[in-house]
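Source file: start.txt. Holds: compact mmCIF, C-alpha atoms.
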# COMPACT_ATOMS: atom_id res chain seq x y z
CA MET A 26 20.87 7.05 -15.97
CA ASN A 27 21.64 4.53 -13.21
CA PHE A 28 20.32 0.99 -13.66
CA GLN A 29 21.73 -0.28 -10.36
CA LEU A 30 19.79 -0.82 -7.14
CA THR A 31 20.61 1.53 -4.30
CA GLU A 32 22.64 0.23 -1.37
CA GLU A 33 19.50 0.23 0.76
CA GLN A 34 17.59 -1.77 -1.86
CA GLN A 35 20.43 -4.28 -2.13
CA MET A 36 20.44 -4.70 1.65
CA PHE A 37 16.68 -5.22 1.66
CA ARG A 38 16.92 -7.80 -1.12
CA ASP A 39 19.71 -9.65 0.72
CA SER A 40 17.64 -9.66 3.90
CA VAL A 41 14.65 -11.14 2.05
CA ARG A 42 16.88 -13.74 0.42
CA GLY A 43 18.26 -14.79 3.78
CA PHE A 44 14.77 -15.06 5.26
CA ALA A 45 13.55 -17.12 2.30
CA GLU A 46 16.49 -19.52 2.41
CA ARG A 47 16.07 -20.05 6.15
CA HIS A 48 12.30 -20.48 6.24
CA LEU A 49 10.98 -21.25 2.74
CA ALA A 50 13.56 -23.35 0.87
CA GLY A 51 12.62 -26.53 2.69
CA GLY A 52 9.35 -27.87 1.36
CA ALA A 53 9.22 -25.55 -1.65
CA ILE A 54 8.18 -28.34 -4.03
CA ALA A 55 5.58 -29.80 -1.67
CA ARG A 56 4.20 -26.33 -0.96
CA ALA A 57 3.66 -25.67 -4.66
CA HIS A 58 1.48 -28.75 -5.00
CA THR A 59 -0.61 -28.18 -1.86
CA GLU A 60 -4.07 -26.75 -2.41
CA GLU A 61 -4.39 -25.00 0.95
CA HIS A 62 -3.30 -21.41 1.37
CA PRO A 63 0.10 -21.35 3.17
CA TRP A 64 -1.09 -19.54 6.29
CA ASP A 65 2.12 -20.46 8.11
CA VAL A 66 4.13 -18.64 5.45
CA ALA A 67 1.81 -15.62 5.59
CA LYS A 68 2.30 -15.26 9.34
CA LEU A 69 6.06 -15.66 9.01
CA MET A 70 6.13 -12.98 6.34
CA ALA A 71 4.02 -10.67 8.48
CA LYS A 72 6.57 -10.96 11.30
CA GLN A 73 9.35 -10.29 8.80
CA GLY A 74 7.61 -7.12 7.56
CA LEU A 75 6.84 -8.48 4.10
CA MET A 76 3.09 -7.90 4.24
CA GLY A 77 1.82 -4.43 3.42
CA ILE A 78 5.24 -3.23 2.31
CA THR A 79 3.81 -0.21 0.46
CA ILE A 80 1.01 0.47 2.94
CA LYS A 81 1.29 3.32 5.45
CA GLU A 82 2.52 2.49 8.94
CA GLU A 83 -0.59 3.96 10.55
CA ASP A 84 -2.61 1.40 8.59
CA GLY A 85 -0.46 -1.50 9.79
CA GLY A 86 1.95 -1.56 6.86
CA GLN A 87 5.65 -0.89 6.44
CA GLY A 88 5.56 2.46 4.62
CA GLY A 89 7.97 1.19 1.96
CA SER A 90 8.08 1.70 -1.79
CA LEU A 91 6.57 -0.18 -4.70
CA MET A 92 10.13 -1.16 -5.69
CA ASP A 93 10.58 -2.80 -2.28
CA ALA A 94 7.47 -4.91 -2.89
CA VAL A 95 8.68 -5.91 -6.35
CA LEU A 96 12.11 -6.85 -5.01
CA ALA A 97 10.44 -8.98 -2.34
CA ILE A 98 8.31 -10.88 -4.85
CA GLU A 99 11.28 -11.42 -7.18
CA THR A 100 13.59 -12.59 -4.40
CA VAL A 101 11.16 -14.95 -2.68
CA THR A 102 10.31 -16.55 -6.04
CA GLN A 103 13.90 -17.64 -6.58
CA VAL A 104 13.69 -19.74 -3.40
CA CYS A 105 10.02 -20.77 -3.22
CA PRO A 106 7.76 -19.78 -6.13
CA ARG A 107 4.57 -20.71 -4.26
CA SER A 108 5.39 -18.32 -1.43
CA ALA A 109 5.50 -15.44 -3.91
CA ASP A 110 1.70 -15.73 -4.03
CA VAL A 111 1.64 -14.66 -0.39
CA ILE A 112 3.69 -11.58 -1.22
CA GLN A 113 1.18 -10.83 -3.98
CA SER A 114 -1.89 -11.18 -1.76
CA GLY A 115 -0.34 -9.11 1.02
CA ASN A 116 0.92 -6.24 -1.16
CA PHE A 117 -0.81 -6.04 -4.53
CA GLY A 118 -4.37 -6.12 -5.85
CA PRO A 119 -7.44 -5.59 -3.65
CA VAL A 120 -5.41 -5.18 -0.45
CA ARG A 121 -3.80 -2.09 -1.94
CA VAL A 122 -7.16 -0.70 -3.10
CA LEU A 123 -8.53 -1.24 0.42
CA ALA A 124 -5.54 0.54 1.93
CA GLU A 125 -5.80 3.41 -0.54
CA TYR A 126 -9.54 4.09 -0.49
CA GLY A 127 -11.01 2.29 2.52
CA THR A 128 -12.29 4.14 5.57
CA ARG A 129 -10.50 3.97 8.92
CA ASP A 130 -13.18 1.59 10.18
CA GLN A 131 -12.87 -0.67 7.12
CA LYS A 132 -9.10 -0.81 7.52
CA ASP A 133 -9.37 -1.65 11.20
CA ARG A 134 -11.89 -4.44 10.56
CA TYR A 135 -10.32 -6.03 7.47
CA LEU A 136 -6.90 -4.68 6.52
CA ARG A 137 -5.03 -5.27 9.77
CA LYS A 138 -5.92 -8.98 9.84
CA ILE A 139 -4.68 -9.36 6.26
CA LEU A 140 -1.38 -7.68 7.10
CA ARG A 141 -0.94 -10.02 10.09
CA GLY A 142 -1.25 -12.99 7.71
CA GLU A 143 -4.51 -14.07 9.37
CA SER A 144 -6.91 -13.26 6.53
CA VAL A 145 -7.10 -12.78 2.77
CA ILE A 146 -9.18 -10.48 0.59
CA THR A 147 -10.45 -11.35 -2.89
CA VAL A 148 -11.77 -9.11 -5.66
CA GLY A 149 -15.13 -9.74 -7.30
CA MET A 150 -14.71 -8.11 -10.69
CA THR A 151 -15.24 -10.67 -13.47
CA GLU A 152 -18.74 -11.90 -14.25
CA PRO A 153 -20.03 -14.61 -16.62
CA GLU A 154 -20.70 -11.95 -19.29
CA ALA A 155 -18.16 -9.32 -18.25
CA GLY A 156 -14.52 -10.36 -18.51
CA SER A 157 -12.27 -8.13 -20.59
CA ALA A 158 -15.33 -5.89 -21.03
CA VAL A 159 -15.41 -5.29 -17.29
CA THR A 160 -17.62 -2.21 -17.60
CA ASP A 161 -20.40 -4.54 -18.81
CA LEU A 162 -20.77 -5.83 -15.26
CA THR A 163 -24.40 -6.23 -14.17
CA THR A 164 -24.09 -6.80 -10.41
CA THR A 165 -26.45 -4.21 -8.96
CA ALA A 166 -26.45 -2.15 -5.78
CA THR A 167 -30.02 -1.08 -5.05
CA PRO A 168 -30.68 1.41 -2.24
CA ASP A 169 -32.25 -0.10 0.88
CA GLY A 170 -32.47 2.29 3.80
CA ASP A 171 -28.97 3.53 4.60
CA GLY A 172 -27.38 0.64 2.70
CA TYR A 173 -27.77 -1.39 -0.48
CA ARG A 174 -29.00 -4.77 -1.69
CA ILE A 175 -26.44 -6.50 -3.93
CA ASN A 176 -27.51 -8.95 -6.63
CA GLY A 177 -25.24 -10.59 -9.19
CA VAL A 178 -22.72 -13.33 -9.96
CA LYS A 179 -18.90 -13.21 -9.85
CA VAL A 180 -16.42 -15.73 -11.27
CA PHE A 181 -12.69 -16.49 -11.40
CA GLN A 182 -11.74 -14.67 -8.18
CA THR A 183 -8.37 -15.62 -6.74
CA HIS A 184 -8.66 -16.86 -3.12
CA ALA A 185 -12.47 -16.77 -3.34
CA SER A 186 -12.95 -20.15 -1.65
CA PHE A 187 -11.35 -19.01 1.61
CA ALA A 188 -11.10 -15.20 1.56
CA ALA A 189 -12.77 -13.51 4.52
CA VAL A 190 -14.04 -10.56 2.49
CA MET A 191 -14.67 -9.74 -1.17
CA LEU A 192 -14.00 -6.32 -2.68
CA THR A 193 -16.96 -6.36 -5.04
CA TYR A 194 -17.41 -4.23 -8.15
CA VAL A 195 -21.05 -3.18 -8.34
CA ARG A 196 -23.28 -0.95 -10.42
CA PHE A 197 -24.97 1.87 -8.52
CA GLY A 198 -26.23 3.39 -11.76
CA PRO A 199 -25.84 3.28 -15.54
CA GLY A 200 -22.60 3.72 -17.47
CA VAL A 201 -19.01 3.69 -16.31
CA GLY A 202 -19.79 6.50 -13.89
CA GLY A 203 -22.26 4.28 -12.08
CA ILE A 204 -19.66 1.67 -11.08
CA GLY A 205 -18.22 1.54 -7.56
CA SER A 206 -17.33 -1.08 -4.97
CA VAL A 207 -18.46 -2.54 -1.67
CA LEU A 208 -16.95 -4.93 0.85
CA ILE A 209 -18.88 -8.16 1.41
CA PRO A 210 -17.82 -10.60 4.17
CA ARG A 211 -18.19 -14.25 3.23
CA ASP A 212 -20.59 -14.88 6.13
CA ALA A 213 -23.08 -12.25 4.90
CA PRO A 214 -26.62 -13.66 4.41
CA GLY A 215 -27.17 -14.29 0.70
CA PHE A 216 -23.45 -14.76 -0.06
CA LYS A 217 -23.33 -18.20 -1.70
CA GLN A 218 -20.68 -20.12 -3.60
CA GLY A 219 -20.89 -23.00 -6.04
CA LYS A 220 -18.76 -26.13 -6.27
CA ALA A 221 -15.02 -25.50 -6.35
CA ALA A 222 -13.24 -26.05 -9.67
CA LYS A 223 -9.57 -25.85 -10.62
CA PHE A 224 -7.52 -23.77 -12.97
CA LEU A 225 -4.65 -25.34 -14.93
CA ASN A 226 -2.23 -23.98 -12.31
CA GLY A 227 -3.94 -25.95 -9.56
CA GLU A 228 -5.64 -23.01 -7.86
CA ALA A 229 -9.29 -23.36 -6.98
CA TRP A 230 -12.02 -21.01 -8.09
CA VAL A 231 -15.71 -20.86 -7.29
CA GLN A 232 -18.69 -19.07 -8.75
CA THR A 233 -20.03 -16.61 -6.21
CA TYR A 234 -23.72 -15.76 -6.07
CA LEU A 235 -24.86 -12.55 -4.41
CA ASP A 236 -28.52 -13.08 -3.63
CA ASN A 237 -30.02 -9.89 -2.21
CA VAL A 238 -27.00 -9.40 0.06
CA TYR A 239 -27.42 -6.40 2.33
CA VAL A 240 -24.42 -4.08 2.56
CA GLY A 241 -24.58 -1.38 5.21
CA PRO A 242 -23.06 2.08 4.69
CA GLU A 243 -20.03 1.04 6.74
CA ASN A 244 -19.05 -1.43 3.98
CA VAL A 245 -19.48 0.88 0.99
CA MET A 246 -15.99 1.80 -0.21
CA LEU A 247 -16.30 3.66 -3.51
CA LYS A 248 -19.66 4.91 -4.70
CA GLU A 249 -20.64 6.18 -8.15
CA GLY A 250 -17.62 7.48 -10.04
CA GLY A 251 -15.23 5.18 -8.22
CA PHE A 252 -14.34 3.00 -11.20
CA LYS A 253 -11.30 5.01 -12.31
CA LYS A 254 -9.87 4.96 -8.78
CA GLN A 255 -10.35 1.20 -8.61
CA ILE A 256 -8.61 0.69 -11.93
CA SER A 257 -5.68 2.93 -10.93
CA GLY A 258 -5.24 0.67 -7.91
CA PHE A 259 -5.59 -2.30 -10.24
CA ASN A 260 -2.41 -1.16 -12.02
CA VAL A 261 -0.55 -2.09 -8.84
CA GLU A 262 -2.04 -5.58 -9.05
CA ARG A 263 -0.79 -5.77 -12.62
CA ILE A 264 2.73 -4.93 -11.46
CA GLY A 265 2.58 -7.86 -9.05
CA ASN A 266 1.34 -10.12 -11.84
CA THR A 267 4.09 -8.82 -14.14
CA ALA A 268 6.86 -9.26 -11.59
CA ARG A 269 5.79 -12.81 -10.82
CA SER A 270 5.64 -13.72 -14.52
CA LEU A 271 9.22 -12.68 -15.10
CA ALA A 272 10.43 -14.01 -11.74
CA PHE A 273 8.94 -17.44 -12.44
CA GLY A 274 10.60 -17.34 -15.85
CA ARG A 275 13.90 -16.51 -14.15
CA TYR A 276 13.45 -19.40 -11.71
CA ALA A 277 12.87 -21.85 -14.59
CA TYR A 278 15.79 -20.35 -16.53
CA GLU A 279 18.13 -20.90 -13.58
CA GLN A 280 16.94 -24.49 -13.11
CA ALA A 281 17.57 -25.19 -16.80
CA ARG A 282 20.96 -23.44 -16.69
CA GLN A 283 22.15 -25.61 -13.81
CA TRP A 284 20.80 -28.68 -15.60
CA ALA A 285 22.63 -27.80 -18.84
CA MET A 286 25.95 -27.50 -16.98
CA GLN A 287 25.58 -30.96 -15.41
CA ARG A 288 23.57 -33.14 -17.78
CA LYS A 289 25.41 -35.00 -20.54
CA GLN A 290 24.12 -36.47 -23.77
CA PHE A 291 26.24 -38.03 -26.55
CA GLY A 292 29.24 -37.59 -24.29
CA ARG A 293 28.91 -33.80 -24.06
CA LEU A 294 27.37 -31.37 -21.59
CA LEU A 295 24.12 -29.88 -22.84
CA CYS A 296 25.55 -26.37 -22.57
CA GLU A 297 28.09 -27.27 -25.28
CA PHE A 298 25.40 -27.70 -27.95
CA GLN A 299 24.98 -24.53 -30.01
CA GLY A 300 21.24 -25.00 -30.39
CA LEU A 301 20.80 -24.83 -26.61
CA GLN A 302 23.23 -21.93 -26.31
CA TRP A 303 20.96 -19.90 -28.57
CA LYS A 304 17.95 -20.79 -26.43
CA PHE A 305 19.71 -19.51 -23.33
CA ALA A 306 20.82 -16.36 -25.14
CA ASP A 307 17.22 -15.63 -26.15
CA MET A 308 16.00 -16.27 -22.61
CA LYS A 309 18.62 -13.96 -21.12
CA VAL A 310 17.69 -11.14 -23.50
CA LYS A 311 14.01 -11.50 -22.54
CA LEU A 312 14.82 -11.51 -18.83
CA ASP A 313 16.92 -8.36 -19.08
CA ALA A 314 14.42 -6.53 -21.29
CA GLY A 315 11.50 -7.46 -19.07
CA GLN A 316 13.36 -6.39 -15.94
CA LEU A 317 13.98 -2.95 -17.39
CA LEU A 318 10.31 -2.54 -18.34
CA ILE A 319 9.14 -3.51 -14.85
CA TYR A 320 11.63 -1.22 -13.12
CA ARG A 321 10.72 1.67 -15.41
CA ALA A 322 7.05 1.39 -14.50
CA VAL A 323 7.82 1.04 -10.79
CA THR A 324 10.41 3.82 -10.64
CA ASN A 325 8.12 6.28 -12.42
CA ALA A 326 5.12 5.47 -10.20
CA VAL A 327 3.46 8.51 -8.60
CA ASN A 328 2.43 7.97 -4.96
CA GLY A 329 3.00 4.27 -5.47
CA ILE A 330 0.61 4.07 -8.46
CA PRO A 331 2.35 3.28 -11.80
CA SER A 332 1.12 4.80 -15.04
CA ALA A 333 -1.35 2.77 -17.05
CA GLU A 334 0.78 2.96 -20.22
CA GLU A 335 4.05 1.76 -18.69
CA THR A 336 2.24 -0.91 -16.71
CA VAL A 337 0.47 -2.46 -19.70
CA ILE A 338 3.68 -2.43 -21.76
CA ALA A 339 5.56 -4.22 -18.98
CA LYS A 340 2.77 -6.73 -18.39
CA ALA A 341 2.20 -7.55 -22.06
CA TYR A 342 5.90 -8.21 -22.57
CA CYS A 343 6.67 -10.03 -19.30
CA ASN A 344 3.59 -12.26 -19.42
CA GLN A 345 4.68 -13.60 -22.79
CA ALA A 346 8.37 -13.69 -21.90
CA GLY A 347 7.79 -15.51 -18.60
CA PHE A 348 5.72 -18.21 -20.26
CA ASP A 349 8.12 -18.60 -23.20
CA ILE A 350 11.12 -18.93 -20.90
CA CYS A 351 9.40 -21.55 -18.73
CA ASN A 352 8.39 -23.46 -21.84
CA GLU A 353 11.94 -23.44 -23.23
CA ALA A 354 13.38 -24.41 -19.83
CA MET A 355 11.06 -27.41 -19.75
CA GLN A 356 12.13 -28.42 -23.24
CA ILE A 357 15.81 -28.16 -22.30
CA MET A 358 15.30 -30.31 -19.19
CA GLY A 359 13.32 -32.91 -21.13
CA GLY A 360 11.48 -35.48 -19.06
CA MET A 361 12.74 -34.08 -15.77
CA GLY A 362 11.36 -30.65 -16.58
CA PHE A 363 7.98 -32.20 -17.31
CA THR A 364 7.75 -33.94 -13.93
CA GLN A 365 6.63 -32.55 -10.59
CA GLU A 366 10.04 -33.38 -9.16
CA THR A 367 11.07 -29.90 -10.27
CA LEU A 368 9.02 -26.69 -10.30
CA VAL A 369 9.61 -25.84 -13.95
CA GLU A 370 6.27 -27.30 -15.07
CA TYR A 371 4.57 -25.54 -12.15
CA CYS A 372 6.09 -22.21 -13.15
CA MET A 373 4.91 -22.68 -16.73
CA ARG A 374 1.35 -23.39 -15.61
CA LYS A 375 1.32 -20.36 -13.35
CA CYS A 376 2.70 -18.07 -16.05
CA ARG A 377 0.07 -19.25 -18.52
CA GLY A 378 -2.67 -18.00 -16.23
CA TRP A 379 -1.16 -14.54 -15.86
CA MET A 380 -1.41 -14.08 -19.63
CA ILE A 381 -5.18 -13.93 -18.99
CA ALA A 382 -5.56 -12.62 -15.45
CA GLY A 383 -5.31 -8.92 -14.78
CA GLY A 384 -5.94 -8.02 -18.41
CA SER A 385 -5.25 -10.40 -21.28
CA ILE A 386 -2.27 -9.75 -23.53
CA GLU A 387 -4.63 -8.92 -26.40
CA ILE A 388 -6.51 -6.28 -24.41
CA LEU A 389 -3.21 -4.82 -23.21
CA LYS A 390 -2.05 -4.49 -26.80
CA ASN A 391 -5.26 -2.62 -27.60
CA ARG A 392 -4.42 -0.17 -24.80
CA ILE A 393 -0.87 0.21 -26.11
CA ALA A 394 -2.21 0.96 -29.61
CA GLU A 395 -4.43 3.68 -28.17
CA SER A 396 -1.34 5.30 -26.72
CA VAL A 397 0.51 4.97 -30.02
CA PHE A 398 -2.25 6.66 -32.02
CA GLU A 399 -3.43 8.98 -29.22
CA ARG A 400 -7.05 7.96 -29.60
CA THR A 401 -9.39 5.34 -28.25
CA PHE A 402 -10.59 2.35 -30.25
CA SER A 403 -13.91 0.90 -29.14
CA GLN A 404 -14.07 -2.88 -29.36
CA ARG A 405 -17.86 -2.74 -29.55
CA PRO A 406 -19.74 -2.98 -32.86
CA PRO A 407 -20.85 0.38 -34.28
CA ARG A 408 -24.34 1.44 -33.37
CA SER A 409 -26.92 1.71 -36.12
CA GLU A 410 -28.55 5.07 -36.77
CA LYS A 411 -31.79 3.72 -35.26
CA GLU A 412 -29.99 3.19 -31.93

Using structure tokens, write down the structure that the file contains.
Amino acid sequence: MNFQLTEEQQMFRDSVRGFAERHLAGGAIARAHTEEHPWDVAKLMAKQGLMGITIKEEDGGQGGSLMDAVLAIETVTQVCPRSADVIQSGNFGPVRVLAEYGTRDQKDRYLRKILRGESVITVGMTEPEAGSAVTDLTTTATPDGDGYRINGVKVFQTHASFAAVMLTYVRFGPGVGGIGSVLIPRDAPGFKQGKAAKFLNGEAWVQTYLDNVYVGPENVMLKEGGFKKQISGFNVERIGNTARSLAFGRYAYEQARQWAMQRKQFGRLLCEFQGLQWKFADMKVKLDAGQLLIYRAVTNAVNGIPSAEETVIAKAYCNQAGFDICNEAMQIMGGMGFTQETLVEYCMRKCRGWMIAGGSIEILKNRIAESVFERTFSQRPPRSEKE
């Protein structure tokens, strides 16, 4: 069993590193604390071929592998963590679902602009009463002529305040089989958003109200029975989340390592204190273990879609590991790690969010347990005989 990257993968990683150092290193700290989406970075990445890495060439992508996309997100993070978000939005999540299941017309109208770094897509999945229990969503799609009228509320969507289009989970009928998705442009009549609020990581989110929004047949992507396809595409989003968690942990680890080799206290370098040596040893073990779990899920992916089991194992571990490593790195760096003069505190805040987004660690552990015992465990209360 070979745990080394191929020569081609190493060359690709080196190319991405060179690009990042030339174009992204300068201003990395300022970029992390800027609210606006880095459109300039997105367009640069599009020219470099870092948008749509796994998407077919005929759809405007690069026709590369999921491993290529993971290597890109890992490599860019080590130079400019904020710019890794652009890799995520251009390769993982709803953009991949659109590329996989969208019609030719939908791809021409929405996907190509995203891959040129000119637009962003968001996913409307979570609702006020449907978070981890996503199948409890109540946003309805009611037939109206050839199209549908959409009514509901969505929350916590990444990029929602500026995304051009929202991939929206809707209910065409009852049960899981009644769930599908439609594409809603932000300028559609009845598409309304509340006041912007902020997450701990500094990103903005808005509550989106869908008030009798008309969606024509040209913007229906997956009808009844489409939920399982959407979730299989969502596993790709989870890989992006997972890779960023560990990559941000690695960035913080490296900042703390450099600090420990230069900073002195009590007349000794920090790296000479055994207590800190053990912290670094623990961090290194977590980084190596997490890397293997990510690469296993990616390498075993079928048609670019990783298995649900290997994905949730990797995400559950790397989400926790990434946060723990950032937290320890901040502790090692003391006051400097706690300031915005470094990006260690930024990395910690970002990693904390990924422990919730894309499937909380607790829900992932439930899925892992189902695999262990080869049976499902409903989280819902048992029904009474009268029901």

Quiz prompt | Top pick for closest residue to Ser332 of chain A, considering A:Arg263, A:Arg42, A:Arg121, A:Arg107 and counting all atoms listed in the file | solution =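 Among the listed residues, the smallest separation from Ser332 of chain A belongs to A:Arg263.
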
Practice problem: Determine, counting all atoms listed in the file, which protein, DNA and RNA residues have an atom within 10 Å of an atom of Thr193 of chain A; residues of the same chain fewer than 6 positions away are not included. Present the result as JSON, numbers by chain. | Solution: {"A": [119, 147, 148, 149, 150, 151, 164, 175, 179, 205, 206, 207, 208, 209, 245, 246]}

Output file for the residues above (C-alpha atoms, as a short mmCIF file (atom, residue, chain, number, x, y, z; two decimals), keeping the file's coordinate frame):
data_model
loop_
_atom_site.label_atom_id
_atom_site.label_comp_id
_atom_site.auth_asym_id
_atom_site.auth_seq_id
_atom_site.Cartn_x
_atom_site.Cartn_y
_atom_site.Cartn_z
CA PRO A 119 -7.44 -5.59 -3.65
CA THR A 147 -10.45 -11.35 -2.89
CA VAL A 148 -11.77 -9.11 -5.66
CA GLY A 149 -15.13 -9.74 -7.30
CA MET A 150 -14.71 -8.11 -10.69
CA THR A 151 -15.24 -10.67 -13.47
CA THR A 164 -24.09 -6.80 -10.41
CA ILE A 175 -26.44 -6.50 -3.93
CA LYS A 179 -18.90 -13.21 -9.85
CA GLY A 205 -18.22 1.54 -7.56
CA SER A 206 -17.33 -1.08 -4.97
CA VAL A 207 -18.46 -2.54 -1.67
CA LEU A 208 -16.95 -4.93 0.85
CA ILE A 209 -18.88 -8.16 1.41
CA VAL A 245 -19.48 0.88 0.99
CA MET A 246 -15.99 1.80 -0.21
#

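Minimum atom-to-atom distance to Leu271 of chain A, evaluated using only C-alpha atoms, belongs to A:Trp379 out of A:Tyr371, A:Phe305, A:Phe259, A:Trp379.
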
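Rounded to one decimal, atom CA of Pro407 of chain A and atom CA of Gly384 of chain A lie 23.3 Å from each other.
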
Quiz item: Excluding same-chain residues fewer than 4 positions from segment 195-198 of chain A, what lies within 7 Å of it counting only C-alpha atoms, as a PyMOL selection string?
Solution: chain A and resi 163-167+203-206+249

Practice problem: Name the residues within 12 Å of (7.8, -2.3, -4.7), counting only C-alpha atoms in the file's coordinates, and put them as number ranges by chain. | Solution: A: 34, 37-38, 75-80, 87-100, 112-113, 116-117, 121, 261-262, 264-265, 268, 319-326, 328-331

Exercise. Show me as JSON, numbers by chain the residues that reach within 12 Å of (2.3, -20.2, 8.2), counting only C-alpha atoms and using the file's own coordinates.
Key: {"A": [48, 49, 56, 61, 62, 63, 64, 65, 66, 67, 68, 69, 70, 71, 72, 108, 111, 141, 142, 143, 144]}

Residue subset to file, keeping C-alpha atoms, as a PDB file, in the coordinates of the input:
ATOM      1  CA  HIS A  48      12.300 -20.480   6.240  1.00  0.00           C
ATOM      2  CA  LEU A  49      10.980 -21.250   2.740  1.00  0.00           C
ATOM      3  CA  ARG A  56       4.200 -26.330  -0.960  1.00  0.00           C
ATOM      4  CA  GLU A  61      -4.390 -25.000   0.950  1.00  0.00           C
ATOM      5  CA  HIS A  62      -3.300 -21.410   1.370  1.00  0.00           C
ATOM      6  CA  PRO A  63       0.100 -21.350   3.170  1.00  0.00           C
ATOM      7  CA  TRP A  64      -1.090 -19.540   6.290  1.00  0.00           C
ATOM      8  CA  ASP A  65       2.120 -20.460   8.110  1.00  0.00           C
ATOM      9  CA  VAL A  66       4.130 -18.640   5.450  1.00  0.00           C
ATOM     10  CA  ALA A  67       1.810 -15.620   5.590  1.00  0.00           C
ATOM     11  CA  LYS A  68       2.300 -15.260   9.340  1.00  0.00           C
ATOM     12  CA  LEU A  69       6.060 -15.660   9.010  1.00  0.00           C
ATOM     13  CA  MET A  70       6.130 -12.980   6.340  1.00  0.00           C
ATOM     14  CA  ALA A  71       4.020 -10.670   8.480  1.00  0.00           C
ATOM     15  CA  LYS A  72       6.570 -10.960  11.300  1.00  0.00           C
ATOM     16  CA  SER A 108       5.390 -18.320  -1.430  1.00  0.00           C
ATOM     17  CA  VAL A 111       1.640 -14.660  -0.390  1.00  0.00           C
ATOM     18  CA  ARG A 141      -0.940 -10.020  10.090  1.00  0.00           C
ATOM     19  CA  GLY A 142      -1.250 -12.990   7.710  1.00  0.00           C
ATOM     20  CA  GLU A 143      -4.510 -14.070   9.370  1.00  0.00           C
ATOM     21  CA  SER A 144      -6.910 -13.260   6.530  1.00  0.00           C
TER      22      SER A 144
END

Quiz item: Which of these, A:Asn244, A:Gln356, A:Ser157, A:Asn226, has the shortest distance to Arg174 of chain A once you count only C-alpha atoms?
Solution: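 Closest candidate: A:Asn244.
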
Quiz item: How many Å separate atom CA of Tyr239 of chain A from atom CA of Gly258 of chain A?
Solution: 25.4 Å

Practice problem: Record the distance separating atom CA of Pro210 of chain A and atom CA of Asp171 of chain A, expressed in Å with one decimal. | Solution: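 Separating atom CA of Pro210 of chain A from atom CA of Asp171 of chain A is a distance of 18.0 Å.
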
Quiz item: Out of A:Met36, A:Tyr278, A:Arg293, A:Ala382, which residue has the shortest atom-to-atom distance to Gln182 of chain A when counting all atoms listed in the file?
Solution: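 The closest residue to Gln182 of chain A is A:Ala382.
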
Self-check item: Nearest candidate to Thr267 of chain A (options A:Lys309, A:Lys375, A:Lys223, A:Arg47; using all atoms listed in the file)
Solution: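 Of A:Lys309, A:Lys375, A:Lys223, A:Arg47, the one nearest Thr267 of chain A is A:Lys375, counting all atoms listed in the file.
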
Exercise. Mind checking which residues fall within 8 Å of Glu334 of chain A, counting all atoms listed in the file, ignoring those fewer than 6 positions away in the same chain, and posting them as a PyMOL selection string?
Key: chain A and resi 392-393+396

Surrounding residues of Asp313 of chain A excluding itself and chain neighbours under 6 positions, 12 Å, only C-alpha atoms, as a compact mmCIF listing (two decimals) with C-alpha atoms, keeping the file's coordinate frame:
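The file below, part-v1.txt, is the result:
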# COMPACT_ATOMS: atom_id res chain seq x y z
CA PHE A 28 20.32 0.99 -13.66
CA LEU A 271 9.22 -12.68 -15.10
CA ALA A 272 10.43 -14.01 -11.74
CA GLY A 274 10.60 -17.34 -15.85
CA ARG A 275 13.90 -16.51 -14.15
CA ALA A 306 20.82 -16.36 -25.14
CA ASP A 307 17.22 -15.63 -26.15
CA ILE A 319 9.14 -3.51 -14.85
CA TYR A 320 11.63 -1.22 -13.12
CA TYR A 342 5.90 -8.21 -22.57
CA CYS A 343 6.67 -10.03 -19.30
CA ALA A 346 8.37 -13.69 -21.90
CA GLY A 347 7.79 -15.51 -18.60

Please supply segment 180-187 of chain A, rebuilt with N, CA and C atoms, as a PDB file, keeping the file's coordinate frame.
ATOM      1  N   VAL A 180     -17.176 -14.518 -10.960  1.00  0.00           N
ATOM      2  CA  VAL A 180     -16.420 -15.730 -11.270  1.00  0.00           C
ATOM      3  C   VAL A 180     -14.915 -15.441 -11.299  1.00  0.00           C
ATOM      4  N   PHE A 181     -14.140 -16.514 -11.198  1.00  0.00           N
ATOM      5  CA  PHE A 181     -12.690 -16.490 -11.400  1.00  0.00           C
ATOM      6  C   PHE A 181     -11.925 -15.631 -10.386  1.00  0.00           C
ATOM      7  N   GLN A 182     -12.474 -15.458  -9.174  1.00  0.00           N
ATOM      8  CA  GLN A 182     -11.740 -14.670  -8.180  1.00  0.00           C
ATOM      9  C   GLN A 182     -10.655 -15.511  -7.522  1.00  0.00           C
ATOM     10  N   THR A 183      -9.454 -14.960  -7.461  1.00  0.00           N
ATOM     11  CA  THR A 183      -8.370 -15.620  -6.740  1.00  0.00           C
ATOM     12  C   THR A 183      -8.679 -15.599  -5.246  1.00  0.00           C
ATOM     13  N   HIS A 184      -8.459 -16.708  -4.566  1.00  0.00           N
ATOM     14  CA  HIS A 184      -8.660 -16.860  -3.120  1.00  0.00           C
ATOM     15  C   HIS A 184     -10.139 -16.875  -2.714  1.00  0.00           C
ATOM     16  N   ALA A 185     -11.059 -16.931  -3.673  1.00  0.00           N
ATOM     17  CA  ALA A 185     -12.470 -16.770  -3.340  1.00  0.00           C
ATOM     18  C   ALA A 185     -12.990 -17.851  -2.392  1.00  0.00           C
ATOM     19  N   SER A 186     -12.413 -19.055  -2.449  1.00  0.00           N
ATOM     20  CA  SER A 186     -12.950 -20.150  -1.650  1.00  0.00           C
ATOM     21  C   SER A 186     -12.615 -20.028  -0.161  1.00  0.00           C
ATOM     22  N   PHE A 187     -11.685 -19.146   0.194  1.00  0.00           N
ATOM     23  CA  PHE A 187     -11.350 -19.010   1.610  1.00  0.00           C
ATOM     24  C   PHE A 187     -11.163 -17.565   2.076  1.00  0.00           C
TER      25      PHE A 187
END
